[in-house]
>>> print(open('data_35.tsv').read())   # TSV, C-alpha atoms
chain	number	residue	atom	x	y	z
A	1	MET	CA	30.48	119.64	-99.84
A	2	THR	CA	29.98	123.39	-99.46
A	3	SER	CA	32.18	124.98	-96.80
A	4	PRO	CA	30.30	126.52	-93.84
A	5	CYS	CA	32.39	129.65	-94.52
A	6	SER	CA	31.41	129.94	-98.18
A	7	GLU	CA	29.72	133.30	-97.52
A	8	PRO	CA	32.09	136.01	-96.26
A	9	LEU	CA	30.97	138.80	-93.95
A	10	GLU	CA	32.74	142.15	-94.24
A	11	GLY	CA	35.06	142.83	-91.31
A	12	PHE	CA	34.65	139.31	-89.88
A	13	GLN	CA	36.91	136.29	-89.93
A	14	CYS	CA	35.17	132.97	-90.52
A	15	ARG	CA	36.13	129.48	-89.45
A	16	SER	CA	34.40	126.11	-89.17
A	17	PHE	CA	33.67	124.51	-85.80
A	18	GLU	CA	32.63	120.90	-85.29
A	19	ALA	CA	31.19	119.27	-82.17
A	20	ASP	CA	28.49	116.83	-81.06
A	21	SER	CA	24.96	118.18	-80.77
A	22	GLY	CA	22.02	115.97	-79.93
A	23	GLY	CA	23.91	112.79	-80.78
A	24	ALA	CA	25.14	113.96	-84.17
A	25	THR	CA	28.23	115.87	-85.25
A	26	LYS	CA	27.43	119.39	-86.42
A	27	VAL	CA	29.76	121.67	-88.36
A	28	ARG	CA	28.89	125.37	-88.39
A	29	ALA	CA	30.48	128.64	-89.43
A	30	ILE	CA	31.76	130.92	-86.66
A	31	TYR	CA	32.12	134.60	-87.56
A	32	SER	CA	34.53	136.58	-85.37
A	33	ILE	CA	35.29	140.28	-85.07
A	34	GLY	CA	37.13	142.51	-82.62
A	35	PRO	CA	40.56	142.81	-81.01
A	36	GLU	CA	41.94	139.38	-80.19
A	37	ASP	CA	43.41	140.64	-76.93
A	38	ARG	CA	40.00	141.76	-75.63
A	39	PRO	CA	37.57	139.63	-73.54
A	40	PRO	CA	35.77	137.08	-75.74
A	41	VAL	CA	31.98	137.02	-76.07
A	42	LEU	CA	29.76	134.39	-77.70
A	43	LEU	CA	26.72	136.03	-79.37
A	44	MET	CA	23.94	133.66	-80.47
A	45	HIS	CA	21.42	134.95	-83.00
A	46	GLU	CA	17.64	134.79	-82.77
A	47	LEU	CA	14.93	133.12	-84.87
A	48	PRO	CA	14.89	135.41	-87.92
A	49	GLY	CA	18.54	134.42	-88.38
A	50	MET	CA	21.87	136.23	-88.20
A	51	SER	CA	20.12	139.45	-89.14
A	52	PRO	CA	21.78	142.76	-90.06
A	53	GLU	CA	20.80	144.02	-86.60
A	54	CYS	CA	22.56	141.09	-84.92
A	55	VAL	CA	25.65	141.62	-87.07
A	56	GLN	CA	25.65	145.34	-86.24
A	57	LEU	CA	25.37	144.53	-82.54
A	58	ALA	CA	28.51	142.41	-82.87
A	59	ARG	CA	30.28	145.25	-84.66
A	60	ASP	CA	29.20	147.73	-81.98
A	61	LEU	CA	30.35	145.47	-79.13
A	62	SER	CA	33.65	144.83	-80.91
A	63	GLY	CA	34.51	148.50	-80.44
A	64	SER	CA	33.14	150.24	-83.54
A	65	HIS	CA	30.61	152.08	-81.33
A	66	PRO	CA	32.16	154.71	-79.03
A	67	ASP	CA	30.19	153.40	-76.05
A	68	TYR	CA	31.95	150.01	-76.29
A	69	GLN	CA	35.57	150.92	-76.90
A	70	PRO	CA	38.02	149.26	-76.73
A	71	GLY	CA	35.47	146.52	-77.33
A	72	PHE	CA	35.18	142.76	-77.07
A	73	ASN	CA	36.31	139.88	-79.25
A	74	MET	CA	32.94	138.72	-80.63
A	75	HIS	CA	32.09	135.22	-81.93
A	76	LEU	CA	28.83	134.49	-83.81
A	77	PRO	CA	27.84	130.91	-84.72
A	78	LEU	CA	25.56	130.66	-87.77
A	79	LEU	CA	22.82	128.25	-86.66
A	80	PHE	CA	20.82	128.42	-89.91
A	81	GLY	CA	20.20	130.70	-92.87
A	82	ARG	CA	22.75	133.12	-94.30
A	83	PRO	CA	24.90	135.70	-92.50
A	84	ASP	CA	23.72	139.32	-92.43
A	85	GLN	CA	20.29	138.36	-93.73
A	86	GLU	CA	16.85	138.13	-92.19
A	87	SER	CA	14.03	136.13	-93.73
A	88	MET	CA	10.45	135.27	-92.79
A	89	VAL	CA	11.27	131.79	-94.12
A	90	ASN	CA	13.60	131.38	-91.14
A	91	TRP	CA	10.62	131.40	-88.78
A	92	VAL	CA	9.87	127.95	-90.23
A	93	ARG	CA	13.35	126.97	-91.38
A	94	GLY	CA	14.99	127.64	-88.02
A	95	PRO	CA	12.87	125.23	-85.95
A	96	TRP	CA	13.02	122.65	-88.75
A	97	CYS	CA	16.82	122.80	-88.94
A	98	LEU	CA	17.20	122.64	-85.16
A	99	ARG	CA	14.34	120.28	-84.37
A	100	ARG	CA	16.68	117.54	-83.02
A	101	GLU	CA	18.88	119.97	-81.13
A	102	MET	CA	16.43	122.24	-79.34
A	103	SER	CA	13.49	121.54	-77.06
A	104	PHE	CA	10.90	123.85	-78.55
A	105	PHE	CA	7.83	122.73	-76.64
A	106	ALA	CA	8.86	120.29	-73.88
A	107	ALA	CA	8.72	121.70	-70.34
A	108	GLY	CA	11.52	120.83	-67.92
A	109	LYS	CA	13.84	119.72	-70.71
A	110	ALA	CA	17.14	121.20	-71.80
A	111	SER	CA	18.21	121.62	-75.44
A	112	PRO	CA	20.93	119.18	-76.61
A	113	ILE	CA	22.60	121.99	-78.58
A	114	THR	CA	23.77	123.41	-75.23
A	115	ALA	CA	26.56	120.80	-75.28
A	116	TRP	CA	27.66	122.03	-78.72
A	117	MET	CA	27.69	125.61	-77.46
A	118	GLY	CA	29.67	124.51	-74.39
A	119	ALA	CA	32.31	122.98	-76.66
A	120	LEU	CA	32.41	126.24	-78.61
A	121	VAL	CA	32.92	128.18	-75.35
A	122	ASP	CA	35.93	125.95	-74.60
A	123	ASP	CA	37.28	126.51	-78.10
A	124	ILE	CA	36.87	130.31	-77.86
A	125	ALA	CA	38.54	130.39	-74.43
A	126	GLU	CA	41.52	128.37	-75.68
A	127	ARG	CA	41.91	130.46	-78.84
A	128	ASN	CA	41.84	133.67	-76.82
A	129	ASP	CA	43.90	132.28	-73.93
A	130	ALA	CA	41.05	133.48	-71.70
A	131	ASP	CA	39.84	132.23	-68.36
A	132	ALA	CA	36.23	133.20	-69.09
A	133	VAL	CA	33.86	133.85	-71.98
A	134	GLY	CA	30.74	136.02	-71.91
A	135	VAL	CA	27.59	134.62	-73.56
A	136	ILE	CA	24.59	136.46	-75.02
A	137	GLY	CA	21.42	134.71	-76.19
A	138	MET	CA	18.40	136.32	-77.81
A	139	CYS	CA	14.85	134.97	-78.18
A	140	LEU	CA	15.38	131.49	-79.64
A	141	SER	CA	18.87	131.34	-78.10
A	142	GLY	CA	18.01	133.16	-74.86
A	143	ASN	CA	17.57	129.88	-73.01
A	144	LEU	CA	20.89	128.61	-74.36
A	145	ALA	CA	22.60	131.45	-72.51
A	146	LEU	CA	20.90	130.27	-69.32
A	147	GLY	CA	21.95	126.69	-70.08
A	148	LEU	CA	25.59	127.78	-70.31
A	149	VAL	CA	25.65	129.62	-66.97
A	150	ALA	CA	27.06	126.62	-65.11
A	151	HIS	CA	29.83	126.05	-67.66
A	152	PRO	CA	33.15	126.57	-65.83
A	153	ARG	CA	34.46	128.91	-68.54
A	154	VAL	CA	31.41	131.16	-68.73
A	155	GLY	CA	32.09	134.38	-66.83
A	156	ALA	CA	28.72	136.11	-67.33
A	157	ALA	CA	25.51	135.52	-69.26
A	158	VAL	CA	22.86	137.74	-70.82
A	159	SER	CA	19.54	136.16	-71.74
A	160	ALA	CA	17.26	138.44	-73.79
A	161	GLN	CA	13.68	137.33	-74.36
A	162	PRO	CA	14.22	133.60	-73.57
A	163	SER	CA	11.36	132.10	-75.55
A	164	LEU	CA	11.70	128.33	-75.04
A	165	PRO	CA	9.66	126.31	-74.57
A	166	PHE	CA	7.45	128.19	-77.04
A	167	PRO	CA	4.08	129.19	-75.60
A	168	ILE	CA	1.74	128.24	-78.47
A	169	TRP	CA	-0.32	131.29	-77.69
A	170	LYS	CA	-0.77	133.73	-74.84
A	171	PHE	CA	-3.25	131.47	-73.07
A	172	SER	CA	-0.84	128.53	-72.85
A	173	PRO	CA	-0.74	126.51	-69.59
A	174	ARG	CA	1.17	128.14	-66.75
A	175	ARG	CA	3.68	125.26	-66.62
A	176	ILE	CA	4.81	126.20	-70.15
A	177	LYS	CA	4.86	129.94	-69.42
A	178	ALA	CA	6.86	129.44	-66.23
A	179	ASP	CA	9.40	127.03	-67.69
A	180	VAL	CA	12.90	128.42	-68.36
A	181	GLY	CA	14.00	125.77	-70.85
A	182	LEU	CA	16.34	123.88	-68.53
A	183	SER	CA	16.15	120.60	-66.70
A	184	GLN	CA	15.96	120.93	-62.93
A	185	ARG	CA	19.51	119.58	-62.65
A	186	GLU	CA	20.82	122.24	-65.03
A	187	LEU	CA	18.83	124.95	-63.31
A	188	ASP	CA	20.21	123.96	-59.91
A	189	ALA	CA	23.76	123.93	-61.32
A	190	ALA	CA	23.28	127.36	-62.90
A	191	VAL	CA	22.07	128.88	-59.65
A	192	ALA	CA	24.84	127.21	-57.64
A	193	SER	CA	27.53	128.51	-60.01
A	194	LYS	CA	27.06	132.12	-58.84
A	195	THR	CA	27.82	133.26	-62.40
A	196	PRO	CA	26.43	136.78	-63.02
A	197	VAL	CA	23.19	136.60	-65.04
A	198	THR	CA	21.17	139.37	-66.65
A	199	ALA	CA	17.77	138.49	-68.13
A	200	LEU	CA	15.68	140.91	-70.18
A	201	ARG	CA	12.15	140.88	-71.63
A	202	TYR	CA	9.60	143.28	-73.06
A	203	SER	CA	6.85	143.67	-70.48
A	204	GLU	CA	4.04	142.82	-72.92
A	205	ASP	CA	5.72	140.03	-74.86
A	206	TRP	CA	3.63	136.87	-74.47
A	207	ARG	CA	6.34	134.86	-76.28
A	208	CYS	CA	8.52	135.43	-73.21
A	209	PRO	CA	5.90	135.32	-70.46
A	210	ARG	CA	6.07	137.14	-67.15
A	211	GLU	CA	5.73	133.77	-65.40
A	212	ARG	CA	9.09	132.74	-66.83
A	213	PHE	CA	10.77	135.64	-65.09
A	214	GLU	CA	8.93	134.82	-61.89
A	215	THR	CA	10.64	131.41	-62.03
A	216	LEU	CA	14.03	133.05	-62.55
A	217	ALA	CA	13.39	135.39	-59.61
A	218	THR	CA	12.35	132.48	-57.38
A	219	GLU	CA	15.23	130.21	-58.35
A	220	TRP	CA	17.98	132.84	-58.24
A	221	GLY	CA	16.55	134.58	-55.18
A	222	GLY	CA	17.88	137.97	-56.20
A	223	GLY	CA	21.12	136.57	-57.57
A	224	ALA	CA	20.16	137.45	-61.15
A	225	ARG	CA	19.53	140.88	-62.60
A	226	LEU	CA	16.05	140.83	-64.17
A	227	SER	CA	14.50	143.58	-66.27
A	228	PRO	CA	11.65	144.12	-65.72
A	229	PRO	CA	11.90	142.66	-62.18
>>> encode(input="data_35.tsv", output="C-alpha cells")
Amino acid sequence: MTSPCSEPLEGFQCRSFEADSGGATKVRAIYSIGPEDRPPVLLMHELPGMSPECVQLARDLSGSHPDYQPGFNMHLPLLFGRPDQESMVNWVRGPWCLRREMSFFAAGKASPITAWMGALVDDIAERNDADAVGVIGMCLSGNLALGLVAHPRVGAAVSAQPSLPFPIWKFSPRRIKADVGLSQRELDAAVASKTPVTALRYSEDWRCPRERFETLATEWGGGARLSPP
C-alpha cells in the first residue's frame, strides 16, 4: 500500500495520521512546517485541493513572511489530491472522495469528518505540548472550522467562505442558504464555548450566501467577528 507521505513537500515534514471518520478508519498525510515551540495551527484546504496558494499561506504563517514572524507551527491534512497542486478534477474528485464524511447538501446536519479533525487537534496539541490549537477552514472546510469551535483544545477558529451545505445555485431555498453546516446541538455547543470565531466571505459570493452569515450573527449575538457584518 502506498504511504500517505509518498509525495514530499519542500520545507515540510510529513507524517501519517489515522482516526475514525464517518464510521471508517481514515489514514491521511499531515504536512507540518514552522517552529515547533510556536502556537500550533490546523489549516484545512479548500475544494481545488492543497493548492500552491494554500501551501504558501502555510509558509507565510509559519514565519517566512515578515508580517507573521516569529510564526506559527502549521499542520495541513491532505484530504484528497496531491500536495502543492490544484486541479479542476478535484471539483469532482473532492466531493466523491469525501461523500461519506461530509454533508454536502443536507441542512441541519454536521459532517462526520469533524470527529476525525477533532482527533487530529488532540494529536497536534499533544505533540506540541500545547493547551490550545488554532483552526482555519476555507470554502469546503470552512464549516469544519465552525464544527471544531466547541472542541476543548481549540483556542480560536477562522472560517473563510463556509460553503456547506452547497447551495445548488443562487436561487436555492433560504433554509439551505441560511444553514451553517452544523447540527443544532453542535451549534449550541459552539456558541456556549465562548471560543473566539472569525468568519469571512466575499460579499457577492452566492456559494457562501449572506443568509448564512445572518444565522451566525443571530446565533452568536455579536460574539463572533463577521466580515462583512
>>> residues_around(input="data_35.tsv", residues="A:Phe72", least_positions_apart="2", cutoff="6 Å", atoms="all atoms listed in the file", output="number ranges by chain")
A: 34, 38-40, 61-62, 74
>>> closest_residue(input="data_35.tsv", among="A:Tyr31, A:Trp220, A:Tyr68, A:Trp206", to="A:Leu146", atoms="all atoms listed in the file")
A:Trp220
>>> closest_residue(input="data_35.tsv", among="A:Arg212, A:Lys177, A:Arg82, A:Lys109", to="A:Glu7", atoms="all atoms listed in the file")
A:Arg82
>>> closest_residue(input="data_35.tsv", among="A:Glu36, A:Ser163, A:Gln85, A:Ala110", to="A:Gly71", atoms="only C-alpha atoms")
A:Glu36
>>> residues_around(input="data_35.tsv", residues="A:Phe166", least_positions_apart="5", cutoff="12 Å", atoms="all atoms listed in the file", output="list in words")
Leu47, Pro95, Met102, Ser103, Phe104, Phe105, Ala106, Ala107, Cys139, Leu140, Ser141, Gly142, Asn143, Gln161, Phe171, Ser172, Pro173, Arg175, Ile176, Lys177, Ala178, Asp179, Val180, Gly181, Trp206, Arg207, Cys208, Pro209 and Arg212 of chain A
>>> closest_residue(input="data_35.tsv", among="A:Met138, A:Leu187, A:Val92, A:Ile113", to="A:Glu53", atoms="all atoms listed in the file")
A:Met138
>>> residues_near_point(input="data_35.tsv", point="(22.3, 134.0, -78.4)", cutoff="9 Å", atoms="all atoms listed in the file", output="PDB file with C-alpha atoms, keeping the file's coordinate frame")
ATOM      1  CA  LEU A  42      29.760 134.390 -77.700  1.00  0.00           C
ATOM      2  CA  LEU A  43      26.720 136.030 -79.370  1.00  0.00           C
ATOM      3  CA  MET A  44      23.940 133.660 -80.470  1.00  0.00           C
ATOM      4  CA  HIS A  45      21.420 134.950 -83.000  1.00  0.00           C
ATOM      5  CA  GLU A  46      17.640 134.790 -82.770  1.00  0.00           C
ATOM      6  CA  LEU A  76      28.830 134.490 -83.810  1.00  0.00           C
ATOM      7  CA  PRO A  77      27.840 130.910 -84.720  1.00  0.00           C
ATOM      8  CA  VAL A 135      27.590 134.620 -73.560  1.00  0.00           C
ATOM      9  CA  ILE A 136      24.590 136.460 -75.020  1.00  0.00           C
ATOM     10  CA  GLY A 137      21.420 134.710 -76.190  1.00  0.00           C
ATOM     11  CA  MET A 138      18.400 136.320 -77.810  1.00  0.00           C
ATOM     12  CA  CYS A 139      14.850 134.970 -78.180  1.00  0.00           C
ATOM     13  CA  LEU A 140      15.380 131.490 -79.640  1.00  0.00           C
ATOM     14  CA  SER A 141      18.870 131.340 -78.100  1.00  0.00           C
ATOM     15  CA  GLY A 142      18.010 133.160 -74.860  1.00  0.00           C
ATOM     16  CA  ASN A 143      17.570 129.880 -73.010  1.00  0.00           C
ATOM     17  CA  LEU A 144      20.890 128.610 -74.360  1.00  0.00           C
ATOM     18  CA  ALA A 145      22.600 131.450 -72.510  1.00  0.00           C
ATOM     19  CA  VAL A 158      22.860 137.740 -70.820  1.00  0.00           C
ATOM     20  CA  SER A 159      19.540 136.160 -71.740  1.00  0.00           C
ATOM     21  CA  ALA A 160      17.260 138.440 -73.790  1.00  0.00           C
TER      22      ALA A 160
END
>>> build_atoms(input="data_35.tsv", residues="stretch 95-131 of chain A", atoms="N, CA and C atoms", output="PDB file, in the frame of the given file")
ATOM      1  N   PRO A  95      13.288 126.388 -86.750  1.00  0.00           N
ATOM      2  CA  PRO A  95      12.870 125.230 -85.950  1.00  0.00           C
ATOM      3  C   PRO A  95      13.037 123.909 -86.680  1.00  0.00           C
ATOM      4  N   TRP A  96      12.837 123.892 -87.997  1.00  0.00           N
ATOM      5  CA  TRP A  96      13.020 122.650 -88.750  1.00  0.00           C
ATOM      6  C   TRP A  96      14.481 122.205 -88.706  1.00  0.00           C
ATOM      7  N   CYS A  97      15.399 123.134 -88.935  1.00  0.00           N
ATOM      8  CA  CYS A  97      16.820 122.800 -88.940  1.00  0.00           C
ATOM      9  C   CYS A  97      17.305 122.349 -87.563  1.00  0.00           C
ATOM     10  N   LEU A  98      16.708 122.897 -86.521  1.00  0.00           N
ATOM     11  CA  LEU A  98      17.200 122.640 -85.160  1.00  0.00           C
ATOM     12  C   LEU A  98      16.281 121.719 -84.368  1.00  0.00           C
ATOM     13  N   ARG A  99      15.371 121.045 -85.067  1.00  0.00           N
ATOM     14  CA  ARG A  99      14.340 120.280 -84.370  1.00  0.00           C
ATOM     15  C   ARG A  99      14.906 119.174 -83.481  1.00  0.00           C
ATOM     16  N   ARG A 100      16.074 118.596 -83.838  1.00  0.00           N
ATOM     17  CA  ARG A 100      16.680 117.540 -83.020  1.00  0.00           C
ATOM     18  C   ARG A 100      17.599 118.095 -81.943  1.00  0.00           C
ATOM     19  N   GLU A 101      17.899 119.382 -82.037  1.00  0.00           N
ATOM     20  CA  GLU A 101      18.880 119.970 -81.130  1.00  0.00           C
ATOM     21  C   GLU A 101      18.275 120.892 -80.083  1.00  0.00           C
ATOM     22  N   MET A 102      17.038 121.303 -80.278  1.00  0.00           N
ATOM     23  CA  MET A 102      16.430 122.240 -79.340  1.00  0.00           C
ATOM     24  C   MET A 102      15.069 121.734 -78.894  1.00  0.00           C
ATOM     25  N   SER A 103      14.773 121.950 -77.626  1.00  0.00           N
ATOM     26  CA  SER A 103      13.490 121.540 -77.060  1.00  0.00           C
ATOM     27  C   SER A 103      12.516 122.703 -77.175  1.00  0.00           C
ATOM     28  N   PHE A 104      11.757 122.696 -78.269  1.00  0.00           N
ATOM     29  CA  PHE A 104      10.900 123.850 -78.550  1.00  0.00           C
ATOM     30  C   PHE A 104       9.649 123.892 -77.687  1.00  0.00           C
ATOM     31  N   PHE A 105       9.114 122.725 -77.326  1.00  0.00           N
ATOM     32  CA  PHE A 105       7.830 122.730 -76.640  1.00  0.00           C
ATOM     33  C   PHE A 105       7.819 121.944 -75.326  1.00  0.00           C
ATOM     34  N   ALA A 106       8.864 121.159 -75.055  1.00  0.00           N
ATOM     35  CA  ALA A 106       8.860 120.290 -73.880  1.00  0.00           C
ATOM     36  C   ALA A 106       9.268 121.048 -72.627  1.00  0.00           C
ATOM     37  N   ALA A 107       8.415 121.037 -71.614  1.00  0.00           N
ATOM     38  CA  ALA A 107       8.720 121.700 -70.340  1.00  0.00           C
ATOM     39  C   ALA A 107       9.708 120.852 -69.543  1.00  0.00           C
ATOM     40  N   GLY A 108      10.586 121.526 -68.789  1.00  0.00           N
ATOM     41  CA  GLY A 108      11.520 120.830 -67.920  1.00  0.00           C
ATOM     42  C   GLY A 108      12.595 120.068 -68.646  1.00  0.00           C
ATOM     43  N   LYS A 109      12.866 120.452 -69.902  1.00  0.00           N
ATOM     44  CA  LYS A 109      13.840 119.720 -70.710  1.00  0.00           C
ATOM     45  C   LYS A 109      14.826 120.678 -71.337  1.00  0.00           C
ATOM     46  N   ALA A 110      16.105 120.357 -71.222  1.00  0.00           N
ATOM     47  CA  ALA A 110      17.140 121.200 -71.800  1.00  0.00           C
ATOM     48  C   ALA A 110      17.312 120.891 -73.279  1.00  0.00           C
ATOM     49  N   SER A 111      17.931 121.812 -74.014  1.00  0.00           N
ATOM     50  CA  SER A 111      18.210 121.620 -75.440  1.00  0.00           C
ATOM     51  C   SER A 111      19.577 120.966 -75.618  1.00  0.00           C
ATOM     52  N   PRO A 112      19.652 119.857 -76.391  1.00  0.00           N
ATOM     53  CA  PRO A 112      20.930 119.180 -76.610  1.00  0.00           C
ATOM     54  C   PRO A 112      22.006 120.076 -77.203  1.00  0.00           C
ATOM     55  N   ILE A 113      21.612 121.115 -77.947  1.00  0.00           N
ATOM     56  CA  ILE A 113      22.600 121.990 -78.580  1.00  0.00           C
ATOM     57  C   ILE A 113      23.443 122.736 -77.542  1.00  0.00           C
ATOM     58  N   THR A 114      22.988 122.758 -76.287  1.00  0.00           N
ATOM     59  CA  THR A 114      23.770 123.410 -75.230  1.00  0.00           C
ATOM     60  C   THR A 114      25.157 122.780 -75.113  1.00  0.00           C
ATOM     61  N   ALA A 115      25.250 121.469 -75.334  1.00  0.00           N
ATOM     62  CA  ALA A 115      26.560 120.800 -75.280  1.00  0.00           C
ATOM     63  C   ALA A 115      27.458 121.293 -76.406  1.00  0.00           C
ATOM     64  N   TRP A 116      26.894 121.506 -77.591  1.00  0.00           N
ATOM     65  CA  TRP A 116      27.660 122.030 -78.720  1.00  0.00           C
ATOM     66  C   TRP A 116      28.169 123.431 -78.409  1.00  0.00           C
ATOM     67  N   MET A 117      27.301 124.247 -77.823  1.00  0.00           N
ATOM     68  CA  MET A 117      27.690 125.610 -77.460  1.00  0.00           C
ATOM     69  C   MET A 117      28.759 125.586 -76.362  1.00  0.00           C
ATOM     70  N   GLY A 118      28.655 124.631 -75.436  1.00  0.00           N
ATOM     71  CA  GLY A 118      29.670 124.510 -74.390  1.00  0.00           C
ATOM     72  C   GLY A 118      31.035 124.180 -74.979  1.00  0.00           C
ATOM     73  N   ALA A 119      31.047 123.294 -75.984  1.00  0.00           N
ATOM     74  CA  ALA A 119      32.310 122.980 -76.660  1.00  0.00           C
ATOM     75  C   ALA A 119      32.856 124.200 -77.378  1.00  0.00           C
ATOM     76  N   LEU A 120      31.972 125.013 -77.945  1.00  0.00           N
ATOM     77  CA  LEU A 120      32.410 126.240 -78.610  1.00  0.00           C
ATOM     78  C   LEU A 120      32.980 127.228 -77.586  1.00  0.00           C
ATOM     79  N   VAL A 121      32.376 127.320 -76.409  1.00  0.00           N
ATOM     80  CA  VAL A 121      32.920 128.180 -75.350  1.00  0.00           C
ATOM     81  C   VAL A 121      34.345 127.754 -75.018  1.00  0.00           C
ATOM     82  N   ASP A 122      34.579 126.443 -74.883  1.00  0.00           N
ATOM     83  CA  ASP A 122      35.930 125.950 -74.600  1.00  0.00           C
ATOM     84  C   ASP A 122      36.894 126.346 -75.720  1.00  0.00           C
ATOM     85  N   ASP A 123      36.441 126.192 -76.959  1.00  0.00           N
ATOM     86  CA  ASP A 123      37.280 126.510 -78.100  1.00  0.00           C
ATOM     87  C   ASP A 123      37.633 128.003 -78.131  1.00  0.00           C
ATOM     88  N   ILE A 124      36.640 128.854 -77.873  1.00  0.00           N
ATOM     89  CA  ILE A 124      36.870 130.310 -77.860  1.00  0.00           C
ATOM     90  C   ILE A 124      37.853 130.674 -76.751  1.00  0.00           C
ATOM     91  N   ALA A 125      37.654 130.092 -75.558  1.00  0.00           N
ATOM     92  CA  ALA A 125      38.540 130.390 -74.430  1.00  0.00           C
ATOM     93  C   ALA A 125      39.979 129.999 -74.747  1.00  0.00           C
ATOM     94  N   GLU A 126      40.164 128.837 -75.359  1.00  0.00           N
ATOM     95  CA  GLU A 126      41.520 128.370 -75.680  1.00  0.00           C
ATOM     96  C   GLU A 126      42.152 129.237 -76.760  1.00  0.00           C
ATOM     97  N   ARG A 127      41.365 129.632 -77.768  1.00  0.00           N
ATOM     98  CA  ARG A 127      41.910 130.460 -78.840  1.00  0.00           C
ATOM     99  C   ARG A 127      42.305 131.843 -78.325  1.00  0.00           C
ATOM    100  N   ASN A 128      41.569 132.341 -77.352  1.00  0.00           N
ATOM    101  CA  ASN A 128      41.840 133.670 -76.820  1.00  0.00           C
ATOM    102  C   ASN A 128      42.720 133.641 -75.576  1.00  0.00           C
ATOM    103  N   ASP A 129      43.114 132.424 -75.152  1.00  0.00           N
ATOM    104  CA  ASP A 129      43.900 132.280 -73.930  1.00  0.00           C
ATOM    105  C   ASP A 129      43.201 133.015 -72.786  1.00  0.00           C
ATOM    106  N   ALA A 130      41.884 132.771 -72.680  1.00  0.00           N
ATOM    107  CA  ALA A 130      41.050 133.480 -71.700  1.00  0.00           C
ATOM    108  C   ALA A 130      40.541 132.521 -70.640  1.00  0.00           C
ATOM    109  N   ASP A 131      40.406 133.035 -69.436  1.00  0.00           N
ATOM    110  CA  ASP A 131      39.840 132.230 -68.360  1.00  0.00           C
ATOM    111  C   ASP A 131      38.326 132.134 -68.460  1.00  0.00           C
TER     112      ASP A 131
END
